[in-house]
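Structure file query-v2.txt (compact mmCIF, C-alpha atoms) follows.
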```txt
# COMPACT_ATOMS: atom_id res chain seq x y z
CA MET Q 138 157.91 102.48 97.47
CA MET Q 139 154.86 101.38 95.57
CA SER Q 140 154.92 97.81 96.88
CA ASP Q 141 155.41 99.07 100.46
CA GLN Q 142 152.44 101.29 100.01
CA ILE Q 143 150.29 98.50 98.66
CA SER Q 144 151.19 96.02 101.36
CA SER Q 145 150.50 98.59 104.04
CA ASN Q 146 147.12 99.14 102.48
CA ASN Q 147 146.15 95.48 102.48
CA SER Q 148 144.63 95.82 105.93
CA SER Q 149 141.77 97.74 104.40
CA LYS Q 150 140.82 94.91 102.04
CA PRO Q 151 137.22 93.91 102.70
CA LYS Q 152 137.70 90.14 102.37
CA ALA Q 153 140.46 87.66 101.65
CA GLY Q 154 139.45 87.25 98.03
CA GLY Q 155 138.66 90.92 97.56
CA THR Q 156 134.93 90.25 97.09
CA ALA Q 157 132.97 93.25 98.29
CA LEU Q 158 129.31 93.80 99.00
CA GLY Q 159 129.23 97.41 97.88
CA GLY Q 160 126.16 98.75 96.12
CA THR Q 161 125.73 101.41 93.44
CA ARG Q 162 125.90 104.14 96.06
CA ASP Q 163 129.33 102.98 97.24
CA TYR Q 164 130.74 102.94 93.72
CA LEU Q 165 129.29 106.41 93.11
CA ALA Q 166 130.88 107.60 96.38
CA LEU Q 167 134.26 106.47 94.96
CA LEU Q 168 133.84 109.12 92.27
CA LYS Q 169 133.60 111.98 94.83
CA PRO Q 170 130.28 113.38 93.53
CA ARG Q 171 130.69 116.75 95.28
CA VAL Q 172 134.05 117.33 93.61
CA MET Q 173 132.52 116.16 90.33
CA SER Q 174 129.72 118.73 90.60
CA LEU Q 175 132.28 121.53 91.14
CA VAL Q 176 134.29 120.28 88.15
CA ILE Q 177 131.17 120.20 85.92
CA PHE Q 178 130.31 123.73 87.01
CA THR Q 179 133.78 125.22 86.42
CA ALA Q 180 134.21 123.36 83.10
CA LEU Q 181 130.80 124.64 81.96
CA VAL Q 182 131.87 128.19 82.81
CA GLY Q 183 135.08 127.65 80.81
CA MET Q 184 132.97 126.53 77.82
CA VAL Q 185 130.51 129.41 78.08
CA ALA Q 186 133.15 132.09 78.75
CA ALA Q 187 135.10 131.07 75.64
CA PRO Q 188 134.59 133.44 72.69
CA GLY Q 189 131.74 132.67 70.30
CA PRO Q 190 128.58 130.69 70.90
CA VAL Q 191 128.62 126.97 71.66
CA ASP Q 192 127.84 125.53 68.20
CA ASN Q 193 126.62 122.09 69.09
CA TRP Q 194 125.04 121.73 72.53
CA PRO Q 195 124.55 117.93 72.42
CA LEU Q 196 128.30 117.51 71.75
CA ALA Q 197 129.10 120.12 74.42
CA LEU Q 198 126.98 118.20 76.95
CA ILE Q 199 128.71 114.92 76.05
CA SER Q 200 132.05 116.73 76.52
CA LEU Q 201 130.91 117.93 79.94
CA LEU Q 202 129.89 114.38 80.84
CA ALA Q 203 133.36 113.16 79.81
CA ILE Q 204 135.05 115.84 81.94
CA ALA Q 205 132.84 114.87 84.92
CA VAL Q 206 133.62 111.16 84.45
CA GLY Q 207 137.34 112.00 84.21
CA ALA Q 208 137.10 113.88 87.53
CA GLY Q 209 135.29 110.88 89.06
CA ALA Q 210 137.96 108.53 87.74
CA SER Q 211 140.74 110.52 89.38
CA GLY Q 212 138.71 110.46 92.63
CA ALA Q 213 138.50 106.65 92.48
CA LEU Q 214 142.25 106.37 91.80
CA ASN Q 215 142.92 108.74 94.72
CA MET Q 216 140.79 106.60 97.06
CA TRP Q 217 142.54 103.46 95.80
CA TRP Q 218 145.94 104.90 96.65
CA ASP Q 219 144.98 106.63 99.91
CA ALA Q 220 142.91 103.80 101.46
CA ASP Q 221 145.38 103.43 104.36
CA ILE Q 222 145.29 107.09 105.44
CA ASP Q 223 141.56 107.41 104.70
CA ALA Q 224 140.97 104.68 107.32
CA ILE Q 225 142.71 106.84 109.94
CA MET Q 226 141.08 110.22 109.35
CA SER Q 227 137.60 110.94 110.77
CA ARG Q 228 136.64 112.88 107.61
CA THR Q 229 137.40 109.95 105.31
CA LYS Q 230 137.10 106.75 107.34
CA LEU Q 231 133.58 106.09 106.06
CA ARG Q 232 134.67 106.13 102.42
CA PRO Q 233 133.82 102.88 100.59
CA ILE Q 234 137.29 101.26 100.77
CA PRO Q 235 138.09 101.83 104.47
CA ALA Q 236 134.47 100.96 105.31
CA GLY Q 237 135.06 97.58 103.62
CA LYS Q 238 132.34 98.03 101.00
CA VAL Q 239 134.57 98.17 97.94
CA ALA Q 240 137.82 96.26 97.35
CA ARG Q 241 140.90 98.35 96.55
CA ALA Q 242 141.52 96.48 93.31
CA GLU Q 243 137.97 97.28 92.20
CA ALA Q 244 138.47 100.98 92.87
CA PHE Q 245 141.69 100.84 90.84
CA GLY Q 246 139.94 99.02 87.98
CA LEU Q 247 137.01 101.43 88.01
CA GLY Q 248 139.36 104.44 88.02
CA LEU Q 249 141.38 103.14 85.06
CA PHE Q 250 138.28 102.12 83.07
CA LEU Q 251 136.60 105.49 83.59
CA SER Q 252 139.82 107.41 82.82
CA CYS Q 253 140.10 105.72 79.41
CA PHE Q 254 136.35 106.12 78.85
CA ALA Q 255 136.44 109.86 79.62
CA VAL Q 256 139.55 110.71 77.58
CA ILE Q 257 138.41 108.77 74.48
CA ILE Q 258 134.89 110.24 74.60
CA LEU Q 259 136.25 113.79 75.01
CA ALA Q 260 138.66 113.28 72.09
CA LEU Q 261 135.75 112.18 69.89
CA ALA Q 262 133.17 114.72 71.11
CA ALA Q 263 135.50 117.74 71.33
CA ASN Q 264 139.14 117.60 70.24
CA TYR Q 265 142.55 116.16 71.09
CA LEU Q 266 143.70 119.24 73.01
CA ALA Q 267 140.79 118.98 75.47
CA ALA Q 268 141.28 115.19 75.77
CA GLY Q 269 145.02 115.65 76.35
CA LEU Q 270 144.39 118.26 79.05
CA LEU Q 271 141.86 115.95 80.73
CA ALA Q 272 144.33 113.04 80.63
CA PHE Q 273 146.99 115.31 82.15
CA THR Q 274 144.54 116.43 84.87
CA ILE Q 275 143.79 112.81 85.85
CA PHE Q 276 147.50 111.92 85.79
CA PHE Q 277 148.45 115.00 87.82
CA TYR Q 278 145.84 114.32 90.51
CA ALA Q 279 146.23 110.55 90.77
CA VAL Q 280 150.00 110.25 90.33
CA ILE Q 281 151.77 113.57 91.00
CA TYR Q 282 149.50 114.75 93.83
CA SER Q 283 148.21 111.52 95.45
CA MET Q 284 151.30 109.33 95.09
CA PHE Q 285 154.10 111.85 95.51
CA LEU Q 286 153.18 115.31 96.79
CA LYS Q 287 150.52 114.54 99.39
CA ARG Q 288 152.76 112.58 101.75
CA ALA Q 289 156.00 114.40 100.93
CA THR Q 290 155.64 118.17 101.36
CA PRO Q 291 153.45 120.77 103.10
CA GLN Q 292 153.26 122.46 99.67
CA ASN Q 293 151.20 119.43 98.51
CA ILE Q 294 147.97 121.28 97.91
CA VAL Q 295 149.71 124.36 96.50
CA ILE Q 296 151.22 122.36 93.61
CA GLY Q 297 148.45 119.74 93.55
CA GLY Q 298 145.89 122.53 93.25
CA ALA Q 299 146.74 122.64 89.54
CA ALA Q 300 144.67 119.48 89.00
CA GLY Q 301 141.56 121.10 90.48
CA ALA Q 302 142.20 124.32 88.57
CA LEU Q 303 142.39 122.73 85.11
CA PRO Q 304 138.67 121.92 84.41
CA PRO Q 305 137.75 125.43 83.13
CA VAL Q 306 140.74 125.24 80.75
CA VAL Q 307 139.57 121.80 79.60
CA GLY Q 308 136.06 123.23 79.08
CA TRP Q 309 137.45 126.19 77.14
CA ALA Q 310 139.60 123.86 74.99
CA ALA Q 311 136.57 121.60 74.37
CA ALA Q 312 134.59 124.59 73.07
CA THR Q 313 137.27 126.26 70.97
CA GLY Q 314 140.14 123.83 70.43
CA THR Q 315 142.52 126.37 72.00
CA ALA Q 316 143.77 127.23 75.49
CA PRO Q 317 144.70 130.94 75.41
CA LEU Q 318 145.78 133.20 78.27
CA GLU Q 319 142.13 134.06 79.09
CA ALA Q 320 141.43 130.41 79.96
CA TRP Q 321 144.49 130.38 82.22
CA ALA Q 322 143.06 133.38 84.10
CA LEU Q 323 140.21 131.09 85.23
CA PHE Q 324 142.86 128.50 86.11
CA ALA Q 325 144.70 131.12 88.20
CA ILE Q 326 141.58 131.93 90.25
CA ILE Q 327 141.09 128.29 91.35
CA PHE Q 328 144.83 127.68 91.72
CA VAL Q 329 145.34 130.60 94.14
CA TRP Q 330 142.03 129.86 95.90
CA THR Q 331 143.05 126.25 96.71
CA PRO Q 332 145.72 126.83 99.43
CA PRO Q 333 143.61 129.06 101.75
CA HIS Q 334 140.62 126.75 101.17
CA PHE Q 335 142.48 123.55 102.16
CA TRP Q 336 144.62 125.10 104.88
CA ALA Q 337 141.47 126.42 106.56
CA LEU Q 338 140.14 122.85 106.49
CA SER Q 339 143.42 121.43 107.78
CA ILE Q 340 143.41 123.87 110.72
CA TYR Q 341 140.23 122.42 112.16
CA LYS Q 342 141.14 118.88 111.10
CA VAL Q 343 144.77 119.17 112.22
CA GLY Q 344 144.49 116.11 114.50
CA ASP Q 345 143.35 113.94 111.60
CA TYR Q 346 146.25 114.93 109.37
CA GLU Q 347 148.72 114.53 112.25
CA ALA Q 348 147.43 110.99 112.97
CA ALA Q 349 147.63 110.03 109.30
CA GLY Q 350 151.14 111.50 108.99
CA ILE Q 351 150.23 113.88 106.17
CA PRO Q 352 152.48 116.95 106.19
CA MET Q 353 149.86 119.68 106.03
CA MET Q 354 150.94 123.26 106.72
CA PRO Q 355 149.50 123.56 110.28
CA ASN Q 356 151.19 120.42 111.59
CA VAL Q 357 154.52 121.13 109.85
CA ARG Q 358 155.00 124.90 110.09
CA GLY Q 359 152.55 125.59 112.91
CA LEU Q 360 149.29 127.47 113.23
CA ALA Q 361 150.72 131.01 113.21
CA SER Q 362 152.65 130.46 109.97
CA THR Q 363 149.62 128.82 108.30
CA LYS Q 364 147.36 131.74 109.22
CA LYS Q 365 149.90 134.21 107.78
CA GLN Q 366 150.12 132.20 104.55
CA ILE Q 367 146.32 131.99 104.28
CA PHE Q 368 146.19 135.78 104.63
CA ALA Q 369 148.94 136.25 102.00
CA TYR Q 370 147.13 134.00 99.52
CA SER Q 371 143.82 135.79 100.14
CA LEU Q 372 145.55 139.12 99.37
CA LEU Q 373 146.76 137.59 96.11
CA LEU Q 374 143.39 136.03 95.31
CA ALA Q 375 141.32 139.22 95.61
CA PRO Q 376 142.90 140.97 92.55
CA ILE Q 377 143.24 137.73 90.58
CA GLY Q 378 139.49 137.23 90.95
CA VAL Q 379 138.95 140.44 88.96
CA LEU Q 380 141.28 139.35 86.10
CA PRO Q 381 138.44 138.17 83.77
CA VAL Q 382 137.30 141.81 83.45
CA PHE Q 383 140.73 142.87 82.17
CA PHE Q 384 140.83 139.91 79.77
CA ASP Q 385 137.53 141.12 78.33
CA MET Q 386 135.84 137.91 79.46
CA ALA Q 387 133.45 139.64 81.84
CA SER Q 388 131.83 143.02 82.36
CA TRP Q 389 132.02 145.19 85.44
CA GLY Q 390 128.93 143.45 86.87
CA TYR Q 391 131.14 140.43 87.42
CA GLY Q 392 133.95 142.77 88.48
CA VAL Q 393 131.88 144.23 91.33
CA VAL Q 394 130.91 140.73 92.56
CA ALA Q 395 134.56 139.61 92.39
CA MET Q 396 135.80 142.71 94.25
CA LEU Q 397 133.20 142.47 97.02
CA MET Q 398 133.77 138.75 97.50
CA GLY Q 399 137.53 139.29 97.39
CA VAL Q 400 137.37 141.93 100.13
CA TRP Q 401 135.16 139.64 102.20
CA PHE Q 402 137.64 136.78 101.73
CA VAL Q 403 140.52 138.99 102.91
CA TRP Q 404 138.46 140.11 105.91
CA ARG Q 405 137.71 136.48 106.88
CA ALA Q 406 141.41 135.60 106.53
CA LEU Q 407 142.35 138.66 108.62
CA PHE Q 408 139.84 137.60 111.30
CA LEU Q 409 141.50 134.17 111.41
CA LEU Q 410 144.97 135.77 111.54
CA ARG Q 411 143.96 137.97 114.48
CA GLN Q 412 142.84 135.08 116.64
CA PRO Q 413 145.07 135.34 119.72
CA GLU Q 414 147.85 132.79 120.22
CA GLY Q 415 146.53 129.70 121.98
CA SER Q 416 142.86 130.51 121.45
CA PRO Q 417 140.71 127.96 119.60
CA THR Q 418 140.77 129.00 115.96
CA ASP Q 419 138.60 126.13 114.71
CA LYS Q 420 135.47 128.24 114.38
CA ALA Q 421 137.17 131.03 112.40
CA ALA Q 422 138.91 128.45 110.18
CA GLY Q 423 135.61 126.61 109.64
CA ARG Q 424 133.92 129.86 108.63
CA LEU Q 425 136.72 130.72 106.20
CA PHE Q 426 136.51 127.21 104.70
CA GLY Q 427 132.73 127.55 104.23
CA PHE Q 428 133.08 131.04 102.78
CA SER Q 429 135.80 129.93 100.35
CA LEU Q 430 133.24 127.60 98.74
CA VAL Q 431 130.72 130.46 98.47
CA TYR Q 432 133.45 132.70 97.01
CA LEU Q 433 134.38 130.37 94.16
CA SER Q 434 130.76 129.47 93.38
CA SER Q 435 129.76 133.16 93.31
CA LEU Q 436 132.53 134.20 90.92
CA PHE Q 437 131.90 131.39 88.47
CA ALA Q 438 128.09 131.77 88.76
CA ALA Q 439 128.47 135.49 88.00
CA LEU Q 440 130.50 134.67 84.87
CA LEU Q 441 127.95 132.07 83.79
CA ILE Q 442 124.97 134.39 84.30
CA GLU Q 443 126.69 137.25 82.45
CA HIS Q 444 127.38 135.10 79.40
CA TRP Q 445 124.01 133.34 79.38
CA ALA Q 446 122.01 136.49 79.98
CA GLY Q 447 123.99 138.31 77.31
CA LEU Q 448 125.13 140.98 79.77
CA HIS Q 449 128.70 140.65 78.59
CA LEU Q 450 129.10 142.11 75.12
CA MET G 299 140.04 81.76 105.83
CA THR G 300 139.25 78.01 106.31
CA GLU G 301 136.42 78.33 103.81
CA VAL G 302 138.74 79.98 101.38
CA ASN G 303 141.15 77.04 101.48
CA LYS G 304 138.50 74.37 100.87
CA LYS G 305 139.21 72.56 97.64
CA THR G 306 136.50 71.61 95.23
CA GLU G 307 136.29 68.40 93.19
CA SER G 308 137.66 70.16 90.14
CA ALA G 309 140.73 71.04 92.13
CA LYS G 310 142.18 67.53 92.00
CA PRO G 311 143.68 67.64 88.48
CA ALA G 312 145.04 71.10 89.20
CA LYS G 313 146.68 69.77 92.36
CA ALA G 314 148.42 67.06 90.36
CA GLU G 315 149.52 69.71 87.87
CA GLU G 316 150.88 71.86 90.68
CA ALA G 317 152.93 68.93 92.03
CA SER G 318 154.59 68.54 88.65
CA LEU G 319 155.71 72.17 88.62
CA GLU G 320 159.24 73.31 89.38
CA PRO G 321 159.75 74.52 93.00
CA ASP G 322 159.86 78.18 91.88
CA ALA G 323 156.60 77.80 90.00
CA ARG G 324 155.02 76.08 93.01
CA GLN G 325 156.11 79.00 95.15
CA SER G 326 154.29 81.40 92.86
CA ALA G 327 151.23 79.13 92.84
CA LYS G 328 150.49 80.07 96.44
CA PRO G 329 147.54 82.41 96.83
CA GLN G 330 148.73 85.98 96.61
CA ASN G 331 147.18 88.86 98.44
CA ASP G 332 149.39 91.54 97.02
CA PHE G 333 147.58 93.53 94.38
CA PHE G 334 150.34 93.64 91.79
CA ALA G 335 151.47 90.04 92.43
CA ALA G 336 148.01 88.60 91.88
CA GLY G 337 147.21 86.57 88.79
CA HIS G 338 150.48 84.94 87.79
CA GLY G 339 148.47 82.57 85.66
CA VAL G 340 149.45 79.41 87.58
CA PRO G 341 146.28 77.50 88.46
CA THR G 342 146.02 76.69 92.15
CA GLY G 343 142.78 74.78 91.95
CA GLU G 344 141.48 76.77 94.89
CA THR G 345 138.10 78.42 94.76
CA GLU G 346 136.47 80.81 97.13
CA PRO G 347 132.82 79.96 97.67
CA LEU G 348 130.73 83.12 97.63
CA THR G 349 127.80 83.79 99.91
CA PRO G 350 124.44 84.55 98.21
CA GLU G 351 124.92 88.25 99.05
CA GLU G 352 128.35 88.25 97.46
CA GLU G 353 127.01 86.53 94.36
CA LYS G 354 124.28 89.18 94.09
CA ALA G 355 126.87 91.94 94.52
CA ARG G 356 129.02 90.35 91.81
CA LYS G 357 126.02 90.17 89.48
CA ARG G 358 125.30 93.84 90.12
CA ARG G 359 128.90 94.72 89.32
CA ASN G 360 128.76 92.70 86.12
CA PHE G 361 125.60 94.53 85.05
CA ALA G 362 127.25 97.87 85.87
CA LEU G 363 130.26 96.92 83.76
CA ALA G 364 127.99 95.88 80.89
CA PHE G 365 126.14 99.18 81.23
CA GLY G 366 129.47 101.07 81.12
CA ILE G 367 130.53 99.32 77.91
CA ILE G 368 127.10 99.81 76.28
CA ALA G 369 127.14 103.49 77.33
CA PHE G 370 130.58 103.86 75.72
CA LEU G 371 129.36 102.26 72.47
CA PHE G 372 126.21 104.39 72.48
CA LEU G 373 128.20 107.59 73.04
CA VAL G 374 130.63 106.76 70.21
CA TYR G 375 127.63 106.12 67.94
CA ALA G 376 125.84 109.30 69.07
CA ILE G 377 128.99 111.42 68.59
CA SER G 378 129.47 109.99 65.09
CA MET G 379 125.86 110.82 64.19
CA LEU G 380 126.11 114.34 65.61
CA ARG G 381 129.37 114.98 63.77
CA MET G 382 127.87 113.72 60.50
CA ALA G 383 124.78 115.89 61.01
CA GLU G 384 127.08 118.86 61.63
CA ALA G 385 128.95 118.17 58.39
CA VAL G 386 125.67 117.90 56.44
CA ARG G 387 124.50 121.27 57.80
```
Give the structure from this file in structure tokens form.
Amino acid sequence: MMSDQISSNNSSKPKAGGTALGGTRDYLALLKPRVMSLVIFTALVGMVAAPGPVDNWPLALISLLAIAVGAGASGALNMWWDADIDAIMSRTKLRPIPAGKVARAEAFGLGLFLSCFAVIILALAANYLAAGLLAFTIFFYAVIYSMFLKRATPQNIVIGGAAGALPPVVGWAAATGTAPLEAWALFAIIFVWTPPHFWALSIYKVGDYEAAGIPMMPNVRGLASTKKQIFAYSLLLAPIGVLPVFFDMASWGYGVVAMLMGVWFVWRALFLLRQPEGSPTDKAAGRLFGFSLVYLSSLFAALLIEHWAGLHL
Amino acid sequence: MTEVNKKTESAKPAKAEEASLEPDARQSAKPQNDFFAAGHGVPTGETEPLTPEEEKARKRRNFALAFGIIAFLFLVYAISMLRMAEAVR
């Protein structure tokens, strides 16, 4: 399977010898900087929300850098593997490999180098638990999600969402050396948030996924079923968003933000669900996708502010 | 592709060496495009002349790699110092 995949991807090689003309910007683009920034943010919240003050900020910042580099490494490995489908989809066809700016082998080498770099640095700066969790995150995203789940099942992003949900647990483990239930509450928020977020995207990019042959929910189960599942997940997400209050990680200031944003999320999902059959749902899906980003940022920002401002006692 | 197959002067001894190889080894001496099959370690004597832009890009990549290794060494050193300082405190 692997060799078939590789040979099918050879068409996206920039030159016969694999020599590319990519600049720094192209290699940075391989690391998915926007995903990296979200990972840094959620890992920082995991560190700050953990009990007790952060003892050594220089070491904590180096740990954060390692987590960010690990996220970038998994992005490069994902682009290495998915070069063939990235070349088909409008959203991804300008990525460095399909654009011919970076050779696939280079992306693979960069991903491996940075993965080792990140895991070793985190083990030294924080502890083995955090480094092990980071290594598992990279493995889960690059191998389990990219190589197996993505092209095999419409539940790809449901299971694969675990990789994106792990950074706050890694941050928590880096700060305390433990990963208790409280840290997994932060994991649960991102894990349950991921399906409605990606399915909203896949509704207005359904043609792309269809052309690339990726079994996303809208092109496998249909639009009506996807909208129902988005609504079901948003109903689940709203109470899960408030969990940190019950785990004594946040005060009711955070709780109010989480409840309001949760209700708004459900309302957006309901609006999408109520779009009549056959009507263009792209706009409603696009709005839900945009709001889902605001939702996650708001909840984690509220947690961060509470802990930094000393509002949570 | 024609440029790629041009042989340089230094290729001649390698060509003679290739002729002396067993048929199976000669088969594997052919240029490979497949990622995992590349680099069997059998010299083909073929070189790919790079354009000035490609040479510049390669130099940039080499500098980036050097920077990555130096950054790694620096971070290991910095972490050691910070840990020692922590222990002293």
Within 12 Å of (129.7, 96.6, 85.7), in the coordinates the file gives, what residues turn up when you count all atoms listed in the file, written out as a CSV table (one decimal) with C-alpha atoms, keeping the file's coordinate frame?
```csv
chain,number,residue,atom,x,y,z
Q,160,GLY,CA,126.2,98.8,96.1
Q,161,THR,CA,125.7,101.4,93.4
Q,164,TYR,CA,130.7,102.9,93.7
Q,243,GLU,CA,138.0,97.3,92.2
Q,246,GLY,CA,139.9,99.0,88.0
Q,247,LEU,CA,137.0,101.4,88.0
Q,250,PHE,CA,138.3,102.1,83.1
Q,251,LEU,CA,136.6,105.5,83.6
G,355,ALA,CA,126.9,91.9,94.5
G,356,ARG,CA,129.0,90.4,91.8
G,357,LYS,CA,126.0,90.2,89.5
G,358,ARG,CA,125.3,93.8,90.1
G,359,ARG,CA,128.9,94.7,89.3
G,360,ASN,CA,128.8,92.7,86.1
G,361,PHE,CA,125.6,94.5,85.0
G,362,ALA,CA,127.2,97.9,85.9
G,363,LEU,CA,130.3,96.9,83.8
G,364,ALA,CA,128.0,95.9,80.9
G,365,PHE,CA,126.1,99.2,81.2
G,366,GLY,CA,129.5,101.1,81.1
G,367,ILE,CA,130.5,99.3,77.9
G,368,ILE,CA,127.1,99.8,76.3
G,369,ALA,CA,127.1,103.5,77.3
```
Please provide as a PyMOL selection string all residues within 12 Å of Glu353 in chain G, with the sequence filter that same-chain residues fewer than 5 positions apart are discarded (counting only C-alpha atoms).
(chain Q and resi 156-159) or (chain G and resi 346-348+358-360)
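Between CA of Asp221 in chain Q and CA of Lys420 in chain Q the interatomic distance comes to 28.5 Å.
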Report the distance between CA of Ala210 in chain Q and CA of Gly237 in chain Q in Å, rounded to one decimal place.
19.5 Å
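Distances from Q:Phe285, Q:Trp309, Q:Phe368, Q:Tyr391 to Gly183 in chain Q were compared using only C-alpha atoms, and the smallest one belongs to Q:Trp309.
Between CA of Ala279 in chain Q and CA of Asp219 in chain Q the separation is 10.0 Å.
Shortest separation to Thr331 in chain Q among Q:Gly308, Q:Gly298, Q:Gly359, Q:Gly314 occurs at residue Q:Gly298, atoms counted being all atoms listed in the file.
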Spatial neighbours of Val400 in chain Q, max dist 10 Å, all atoms listed in the file, sep filter under 2 positions, as a PyMOL selection string
chain Q and resi 371-372+374-376+395-398+402-406
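Take the candidates Q:Ala197, Q:Pro233, Q:Phe254, Q:Phe328 and check each one against Leu371 in chain G using all atoms listed in the file; the shortest distance goes to Q:Phe254.
Counting all atoms listed in the file and comparing Q:Ile225, Q:Arg288, Q:Ile258, Q:Trp217, the residue that lies closest to chain G is Q:Ile258.
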If we count only C-alpha atoms and set the cut-off at 9 Å, which residues sit around Glu384 in chain G, ignoring sequence neighbours fewer than 4 positions away in its own chain? Please answer as an MDAnalysis selection string.
(chainID Q and resid 193) or (chainID G and resid 379:380)
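Once all atoms listed in the file are considered, the residues situated within 8 Å of the file point (147.1, 116.4, 100.6) turn out to be Q:Tyr282, Q:Ser283, Q:Leu286, Q:Lys287, Q:Arg288, Q:Asn293, Q:Ile294, Q:Gly297, Q:Ile351, Q:Pro352, Q:Met353.
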Provide range 354-368 of chain G rebuilt to N, CA, C and O atoms, formatted as a PDB file, keeping the file's coordinate frame.
```pdb
ATOM      1  N   LYS G 354     125.163  88.095  94.574  1.00  0.00           N
ATOM      2  CA  LYS G 354     124.280  89.180  94.090  1.00  0.00           C
ATOM      3  C   LYS G 354     125.096  90.430  93.794  1.00  0.00           C
ATOM      4  O   LYS G 354     124.896  91.095  92.778  1.00  0.00           O
ATOM      5  N   ALA G 355     126.032  90.737  94.713  1.00  0.00           N
ATOM      6  CA  ALA G 355     126.870  91.940  94.520  1.00  0.00           C
ATOM      7  C   ALA G 355     127.708  91.796  93.259  1.00  0.00           C
ATOM      8  O   ALA G 355     127.870  92.750  92.501  1.00  0.00           O
ATOM      9  N   ARG G 356     128.214  90.565  93.016  1.00  0.00           N
ATOM     10  CA  ARG G 356     129.020  90.350  91.810  1.00  0.00           C
ATOM     11  C   ARG G 356     128.176  90.534  90.551  1.00  0.00           C
ATOM     12  O   ARG G 356     128.616  91.123  89.573  1.00  0.00           O
ATOM     13  N   LYS G 357     126.932  90.032  90.622  1.00  0.00           N
ATOM     14  CA  LYS G 357     126.020  90.170  89.480  1.00  0.00           C
ATOM     15  C   LYS G 357     125.763  91.660  89.197  1.00  0.00           C
ATOM     16  O   LYS G 357     125.765  92.101  88.049  1.00  0.00           O
ATOM     17  N   ARG G 358     125.545  92.395  90.287  1.00  0.00           N
ATOM     18  CA  ARG G 358     125.300  93.840  90.120  1.00  0.00           C
ATOM     19  C   ARG G 358     126.493  94.514  89.453  1.00  0.00           C
ATOM     20  O   ARG G 358     126.346  95.360  88.575  1.00  0.00           O
ATOM     21  N   ARG G 359     127.688  94.126  89.895  1.00  0.00           N
ATOM     22  CA  ARG G 359     128.900  94.720  89.320  1.00  0.00           C
ATOM     23  C   ARG G 359     129.030  94.366  87.847  1.00  0.00           C
ATOM     24  O   ARG G 359     129.419  95.194  87.029  1.00  0.00           O
ATOM     25  N   ASN G 360     128.690  93.122  87.516  1.00  0.00           N
ATOM     26  CA  ASN G 360     128.760  92.700  86.120  1.00  0.00           C
ATOM     27  C   ASN G 360     127.792  93.509  85.261  1.00  0.00           C
ATOM     28  O   ASN G 360     128.124  93.920  84.153  1.00  0.00           O
ATOM     29  N   PHE G 361     126.583  93.721  85.793  1.00  0.00           N
ATOM     30  CA  PHE G 361     125.600  94.530  85.050  1.00  0.00           C
ATOM     31  C   PHE G 361     126.104  95.957  84.879  1.00  0.00           C
ATOM     32  O   PHE G 361     125.952  96.550  83.815  1.00  0.00           O
ATOM     33  N   ALA G 362     126.721  96.496  85.937  1.00  0.00           N
ATOM     34  CA  ALA G 362     127.250  97.870  85.870  1.00  0.00           C
ATOM     35  C   ALA G 362     128.338  97.970  84.806  1.00  0.00           C
ATOM     36  O   ALA G 362     128.398  98.940  84.038  1.00  0.00           O
ATOM     37  N   LEU G 363     129.194  96.949  84.752  1.00  0.00           N
ATOM     38  CA  LEU G 363     130.260  96.920  83.760  1.00  0.00           C
ATOM     39  C   LEU G 363     129.675  96.853  82.344  1.00  0.00           C
ATOM     40  O   LEU G 363     130.116  97.580  81.441  1.00  0.00           O
ATOM     41  N   ALA G 364     128.662  95.995  82.193  1.00  0.00           N
ATOM     42  CA  ALA G 364     127.990  95.880  80.890  1.00  0.00           C
ATOM     43  C   ALA G 364     127.368  97.219  80.501  1.00  0.00           C
ATOM     44  O   ALA G 364     127.477  97.666  79.344  1.00  0.00           O
ATOM     45  N   PHE G 365     126.746  97.870  81.479  1.00  0.00           N
ATOM     46  CA  PHE G 365     126.140  99.180  81.230  1.00  0.00           C
ATOM     47  C   PHE G 365     127.205 100.184  80.787  1.00  0.00           C
ATOM     48  O   PHE G 365     127.000 100.962  79.846  1.00  0.00           O
ATOM     49  N   GLY G 366     128.368 100.159  81.464  1.00  0.00           N
ATOM     50  CA  GLY G 366     129.470 101.070  81.120  1.00  0.00           C
ATOM     51  C   GLY G 366     129.928 100.867  79.676  1.00  0.00           C
ATOM     52  O   GLY G 366     130.134 101.831  78.944  1.00  0.00           O
ATOM     53  N   ILE G 367     130.061  99.613  79.278  1.00  0.00           N
ATOM     54  CA  ILE G 367     130.530  99.320  77.910  1.00  0.00           C
ATOM     55  C   ILE G 367     129.465  99.731  76.886  1.00  0.00           C
ATOM     56  O   ILE G 367     129.781 100.336  75.858  1.00  0.00           O
ATOM     57  N   ILE G 368     128.179  99.422  77.212  1.00  0.00           N
ATOM     58  CA  ILE G 368     127.100  99.810  76.280  1.00  0.00           C
ATOM     59  C   ILE G 368     127.017 101.337  76.188  1.00  0.00           C
ATOM     60  O   ILE G 368     126.846 101.889  75.098  1.00  0.00           O
TER      61      ILE G 368
END
```
